[in-house]
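*Asks:* Take this structure first; my questions come after.
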Amino acid sequence: MAFRLDLRRITSCNLFKNQNKLIRNFATEKSSDGRASSTKGSSVNTPSKEIVTPFPPLTEPLKDLPPIQYATVRPEQEETHVTTLSNGLRVASENRFGQFCTVGVVIDSGPRYEVAYPSGIAHFLEKLAFNSTLEYPEKDIILRELERHGGICDCQSSRDTFIYAASADSRGLDQVTKVLAEVVLRPQLKPEEVDMARQAVLFELESLHMRPEQEPILMDMIHGAAYRDNTLGLPKLCPSGNASKIDRNMLLTYLKHHHTPKRMVVAGVGVHHDEFVKLVEKHFVESQATWDMEPLKNRGANLVDSSIAQYTGGTKTEECDIPIYASVGLPELAHVVIGLEGCSHQDDDFISACVLNIMMGGGGSFSAGGPGKGMYTRLYTNVLNRYHWMYSATAYNHAYMDTGLFCIHASAPPTHVRGMVEVITKELVTMATAPAAQELRRAKTQLQSMLLMNLESRPVVFEDIGRQVLATGQRKKTQHFIDSIEKIQPEDIQRVARRFLSSAPALAARGQIQGLPSIKDIQAGLLQNGVLPGKRLSLFH
């Protein structure tokens, strides 16, 4: 049976005829706190004058307070002290105010030195960090010792640096320094711990291939293409076939030659330098390392690889299915990275390269934010805002001691692989054009603000001290970099861009990449204003 609604009958009932009377009665009722409402309206927005707390109101200044004294930075708190011990170990520190400190060890070690070993040593050592040592037979004992002082610990490696670090209350500096010395120099590396690390490495490799994010894999691939079979081209991620080849003896052999005092910097932030030096001498110098106390079978090189990185350019691709972001409805994407030889962090053009990287910027097509998030960078305005099928485009500037790699990573559906490559190639060529005054000013200001904001973090300051002292023996003040950024002119950007473009390209790609242009086509495009040989790019397809 259908239900019919008779609006005329409803509107004629007494409920609607007496609506004005109902509203008048509601407006004159008393509120819950006993205040009578005005007949002219509700008292909802009328503030109460009833005292509900013995504390003074926030609208009045507190009485009898001492004058405000703001914290000020003294010159000695900005100075980095460096001391070299008798065995060549360097100790660097900065005494910043605060109750907590960050201390750690920065080591000239990493995948680039694994040429005589199965690749994956550094990956294993990351998983084995802060496990049992000679003084602390179990990992839980180490963690409890750090927790006594509110401490946390971390270990990470890059292609040419290995870092152990801990943050804790400054009153526990002695115990934290002891833990670091034990973890770095006297690990037990029990067979069961090595087996657990092997399982963790294999699980991580499996999970990386199950994620839509492809950056860790692609960064390994583009370095492998750019520095084929040497130094920085050696993989950071352990190849699955090497996991079974790495054992305790091999790890200790590597540590014996690469984790030596002369290749280390023990750095601290928020500590007194003289006290810190004494503690480092006590825990790092007076006791032997694990590999010096037991015989090792010779597995690997007896010397450290001191080769200079050789940029080769080239191609490294993998055709495969990439998982999709099912929850947000994104399609399957193909990923491409095009790289050029950059410059080292000791190069005169390093600051110009950093400004250029900020100017290129980029991100994902669904990134949110304003100018501070890079929405006015070239890869946003020229790529993501113009080509609806481009899902991401990001510039990277990797700088090392002897070389660098400047690259752009982009993603798009497999049907647009060729168009994606041509768009990125054109943007690389456009780098050499003179930037507008506002564009350069924005990039310089953004880089300066990023530098200053990052250095407000104590762990970041620790890493900055450790890396600079490891590379040069000293640390340049922040103002030096702020001034260097400010001096960059449009011709500096053009010069460093032309320098990058004079190198052979490197190409890495992963996914359904059947339409991927060859490296020769990309090379030709770099010489022809970004236009690849063959079919012209269309804006709408």
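Following the order of the structure tokens, first chain is A, next is B, and so on, with residues numbered from 1 inside each chain and ligands from 1 in the order they appear.
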Considering only alpha helix (DSSP H) as DSSP defines it on the backbone, what residues of segment 101-131 of chain A qualify? List them as a ChimeraX atom specification.
*Replies:* /A:121-128
*Asks:* Take the residues just selected and output them with C-alpha atoms as a short mmCIF file (atom, residue, chain, number, x, y, z; two decimals), in the first residue's frame.
*Replies:*
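Result file is out_10.cif:
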```
data_model
loop_
_atom_site.label_atom_id
_atom_site.label_comp_id
_atom_site.auth_asym_id
_atom_site.auth_seq_id
_atom_site.Cartn_x
_atom_site.Cartn_y
_atom_site.Cartn_z
CA ILE A 121 77.38 -6.47 5.49
CA ALA A 122 76.12 -2.99 6.53
CA HIS A 123 72.51 -4.18 6.30
CA PHE A 124 73.32 -7.04 8.72
CA LEU A 125 75.23 -4.77 11.12
CA GLU A 126 72.22 -2.43 11.34
CA LYS A 127 70.05 -5.34 12.49
CA LEU A 128 72.72 -6.52 14.95
#
```
*Asks:* Determine, counting only C-alpha atoms, which protein, DNA and RNA residues have an atom within 7 Å of an atom of segment 161-172 of chain A; residues of the same chain fewer than 3 positions away are not included. Present the result as a ChimeraX atom specification.
*Replies:* /A:99-110,149-158,175-176
*Asks:* Which of these, A:Gly362, A:Gly268, A:Gly534, A:Pro261, has the shortest distance to Asp464 of chain A once you count only C-alpha atoms?
*Replies:*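 Among the listed residues, the smallest separation from Asp464 of chain A belongs to A:Gly268.
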*Asks:* Distance table requested - segment 225-260 of chain A against segment 495-519 of chain A, cut-off 10 Å, only C-alpha atoms: one row per qualifying residue with the closest atom pair and its distance in Å to one decimal, ordered by chain and rising residue number, as CSV.
*Replies:*
```
residue,atom,partner,partner_atom,distance
A:Ala225,CA,A:Ala506,CA,5.8
A:Ala226,CA,A:Ala506,CA,5.2
A:Tyr227,CA,A:Ala506,CA,8.9
A:Arg228,CA,A:Ala506,CA,10.0
```
*Asks:* Have a look at A:Arg148, A:Thr59, A:Leu185, A:Glu486 and name the one nearest to Thr133 of chain A; count only C-alpha atoms.
*Replies:*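 Checking each candidate against Thr133 of chain A, we get A:Leu185 as the closest.
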*Asks:* Measuring atom to atom with only C-alpha atoms, identify which of A:Arg90, A:Lys444, A:Arg96, A:His416 is nearest to Glu78 of chain A.
*Replies:*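 Among the listed residues, the smallest separation from Glu78 of chain A belongs to A:Arg96.
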*Asks:* With distances taken over only C-alpha atoms, which of A:Val469, A:Met359, A:Ile351, A:Ile338 is nearest to Thr425 of chain A?
*Replies:*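 For Thr425 of chain A, the nearest of the given residues is A:Ile338.
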*Asks:* Point out the residue among A:Asn95, A:Thr84, A:Gln494, A:Thr317 with the least atom-to-atom distance to His272 of chain A, counting only C-alpha atoms.
*Replies:* A:Asn95
*Asks:* Using only C-alpha atoms, which protein or nucleic acid residues come within 12 Å of Gln199 of chain A? Drop anything in the same chain fewer than 2 positions from it, and give the result as JSON, numbers by chain.
*Replies:* {"A": [123, 124, 127, 128, 192, 193, 194, 195, 196, 197, 201, 202, 203, 204, 205, 206, 238, 240, 243, 244]}
*Asks:* Work out how far apart atom CA of Asn385 of chain A and atom CA of Val423 of chain A are and give it in Å to one decimal.
*Replies:*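 If I compute the distance from atom CA of Asn385 of chain A to atom CA of Val423 of chain A, I get 12.3 Å.
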